[in-house]
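Q: Below you will find the structure I want to go over with you.
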Amino acid sequence: TDDMRAQLATMTATENAMLATRRAHADSVDHLTALVFGLSAAAGLILALIVMVGFSRSVVRRIEQLERNAAHMEEGEPLEPLIPGNDELARLGRRLEVTAALLTTREADLHLRQATLQAVVRASPDLIAIFGSDGGLQWASDAFSSVVGYTVQEWLSLAPLEIVHSYDARIFVSAMRRVLAGRDDSMSVRIRVRHGDGHWVTLEGRGRSLDGIG
């Protein structure tokens with residue numbers, strides 16, 4: 001009986017030791033598992049932060065490119081190639097490219113029209129001139145000298161009454177004032193101008209107000 005009790009005590013002690021070992025092992029596994037989950041979460045957070053930082057830098061670069069392209073378009077310079085993308089910033093960049101191309105086309109068309117108009121004015125035998133609101137000559141076509149016998153510089157150096165007949169000058173100024181005041185849309189005048197060689201030349205002309213000139 002004493003031997004059996006001793007064996008039973010030994011077995012109980014062995015089982016308790018094995019149970020304690022298993023518990024310690026289980027605790028170690030729990031700690032390790034918690035550590036692994038903690039490291040995984042930390043790695044996920046770091047990766048998310050890296051992705052966010054990369055995305056933010058990409059957005060900043062694309063916004064800066066849009067600003068540069070807007071400045072290029074304002075200066076009439078070629079735009080930078082767009083950074084690839086399919087979001088709102090990319091769509092805005094493509095709209096900017098379309099607008100720049102449209103402006104370039106319109107500017108080329110405007111330059112062509114201006115060149116055509118200048119060629120027609122230079123080739124015209126008629127005198128075409130722009131006068132300011134004070135009656136002073138501001139610009140004249142190439143036919144000016146052949147019609148009145150003065151260069152533009154010579155005309156500007158003379159007093160109006162030295163060139164235009166005194167009676168006709170009053171008619172010209174009165175008609176111009178009516179147009180500038182908005183009472184008439186256009187004017188038709190017939191005035192006598194002293195030619196550069198001394199004789200009188202009769203000029204018939206029509207005029208109208210040009211906004212922003214004079």
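Residue names in the structure tokens use chain letters A, B, ... in the order shown, residue numbers from 1 in each chain, and ligand numbers from 1 in the order shown.
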Per DSSP on the backbone, what are the strand (DSSP E) residues of region 144-201 of chain A, as a PyMOL selection string?
A: chain A and resi 186-194+200-201
Q: For the residues in the current selection, export C-alpha atoms as a PDB file, in the first residue's frame.
A:
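Result saved to selection_20.pdb:
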ATOM      1  CA  SER A 186     -20.643 106.504 -89.977  1.00  0.00           C
ATOM      2  CA  MET A 187     -19.672 109.672 -91.793  1.00  0.00           C
ATOM      3  CA  SER A 188     -19.270 110.679 -95.418  1.00  0.00           C
ATOM      4  CA  VAL A 189     -17.177 113.742 -96.160  1.00  0.00           C
ATOM      5  CA  ARG A 190     -15.743 115.615 -99.110  1.00  0.00           C
ATOM      6  CA  ILE A 191     -12.788 117.814 -98.215  1.00  0.00           C
ATOM      7  CA  ARG A 192     -10.111 119.768-100.005  1.00  0.00           C
ATOM      8  CA  VAL A 193      -6.527 119.028 -99.019  1.00  0.00           C
ATOM      9  CA  ARG A 194      -3.512 121.065-100.084  1.00  0.00           C
ATOM     10  CA  TRP A 200      -5.738 121.485-103.907  1.00  0.00           C
ATOM     11  CA  VAL A 201      -6.851 117.850-104.028  1.00  0.00           C
TER      12      VAL A 201
END
Q: Quick one: everything within 7 Å of Ala140 (chain A), counting only C-alpha atoms, minus sequence neighbours fewer than 2 positions away in the same chain. Send it as a list in words.
A: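 Here the qualifying residues turn out to be Ile128, Ala129, Ile130, Asp142 and Phe144 of chain A.
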Q: Pick the closest to Arg62 (chain A) from A:Leu79, A:Gly85, A:His199, A:Glu74: which is it, counting only C-alpha atoms?
A: A:Gly85
Q: Name the residues in contact with Arg68 (chain A) at a cut-off of 12 Å, using only C-alpha atoms, excluding same-chain residues fewer than 3 positions from it; report them as a short mmCIF file (atom, residue, chain, number, x, y, z; two decimals) with N, CA, C and O atoms, in the first residue's frame.
A:
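Saved file result-v4.cif follows:
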data_model
loop_
_atom_site.label_atom_id
_atom_site.label_comp_id
_atom_site.auth_asym_id
_atom_site.auth_seq_id
_atom_site.Cartn_x
_atom_site.Cartn_y
_atom_site.Cartn_z
N ARG A 61 3.20 66.16 -57.96
CA ARG A 61 3.93 66.31 -59.23
C ARG A 61 2.98 66.63 -60.38
O ARG A 61 3.28 67.47 -61.23
N ARG A 62 1.83 65.99 -60.38
CA ARG A 62 0.88 66.21 -61.47
C ARG A 62 0.23 67.60 -61.37
O ARG A 62 -0.02 68.25 -62.39
N ILE A 63 -0.05 68.05 -60.15
CA ILE A 63 -0.60 69.40 -59.98
C ILE A 63 0.43 70.44 -60.42
O ILE A 63 0.10 71.41 -61.11
N GLU A 64 1.70 70.22 -60.04
CA GLU A 64 2.76 71.15 -60.46
C GLU A 64 2.89 71.16 -61.99
O GLU A 64 3.12 72.21 -62.58
N GLN A 65 2.72 69.99 -62.62
CA GLN A 65 2.80 69.95 -64.08
C GLN A 65 1.64 70.71 -64.72
O GLN A 65 1.82 71.42 -65.71
N ALA A 71 0.97 77.85 -67.46
CA ALA A 71 1.88 78.97 -67.73
C ALA A 71 2.41 78.90 -69.16
O ALA A 71 2.52 79.93 -69.84
N HIS A 72 2.73 77.69 -69.63
CA HIS A 72 3.20 77.53 -71.02
C HIS A 72 2.13 77.98 -72.01
O HIS A 72 2.43 78.65 -73.00
N MET A 73 0.88 77.61 -71.71
CA MET A 73 -0.21 77.99 -72.61
C MET A 73 -0.39 79.50 -72.64
O MET A 73 -0.63 80.09 -73.69
N GLU A 74 -0.24 80.14 -71.47
CA GLU A 74 -0.37 81.60 -71.40
C GLU A 74 0.72 82.29 -72.21
O GLU A 74 0.48 83.34 -72.81
N GLU A 75 1.93 81.69 -72.23
CA GLU A 75 3.05 82.28 -72.96
C GLU A 75 3.11 81.81 -74.41
O GLU A 75 3.99 82.22 -75.16
N GLU A 77 3.75 78.73 -75.36
CA GLU A 77 4.81 77.75 -75.48
C GLU A 77 4.23 76.33 -75.52
O GLU A 77 3.11 76.11 -75.06
N PRO A 78 4.99 75.35 -76.06
CA PRO A 78 4.50 73.96 -76.09
C PRO A 78 4.30 73.41 -74.67
O PRO A 78 5.04 73.75 -73.76
N LEU A 79 3.28 72.56 -74.53
CA LEU A 79 2.99 71.97 -73.23
C LEU A 79 3.86 70.74 -72.99
O LEU A 79 4.31 70.07 -73.93
N GLU A 80 4.12 70.44 -71.73
CA GLU A 80 4.86 69.24 -71.37
C GLU A 80 3.97 68.01 -71.58
O GLU A 80 2.75 68.07 -71.38
N PRO A 81 4.56 66.85 -71.98
CA PRO A 81 3.77 65.62 -72.09
C PRO A 81 3.16 65.26 -70.73
O PRO A 81 3.83 65.35 -69.70
N LEU A 82 1.90 64.86 -70.72
CA LEU A 82 1.20 64.58 -69.48
C LEU A 82 1.71 63.32 -68.80
O LEU A 82 2.07 62.34 -69.48
N GLY A 93 -5.83 67.65 -67.32
CA GLY A 93 -4.65 67.86 -68.17
C GLY A 93 -4.97 67.70 -69.64
O GLY A 93 -4.49 68.48 -70.47
N LEU A 96 -6.79 70.66 -70.89
CA LEU A 96 -5.83 71.76 -71.06
C LEU A 96 -5.11 71.63 -72.40
O LEU A 96 -4.90 72.63 -73.10
#
Q: At what distance in Å, to one decimal, does CA of Gly198 (chain A) lie from CA of His165 (chain A)?
A: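 Between CA of His165 (chain A) and CA of Gly198 (chain A) the gap is 12.3 Å.
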Q: Which residue, A:Ser58, A:Ala70, A:Asp168, A:Glu97, has the smallest gap to Leu203 (chain A) when you use only C-alpha atoms?
A: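 Going through A:Ser58, A:Ala70, A:Asp168, A:Glu97 one by one, the smallest distance to Leu203 (chain A) is for A:Asp168.
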Q: I need the helix (DSSP H, G or I) residues of region 116-213 of chain A per DSSP on the backbone, written as a ChimeraX atom specification.
A: /A:116-123,143-148,152-157,160-163,166-180
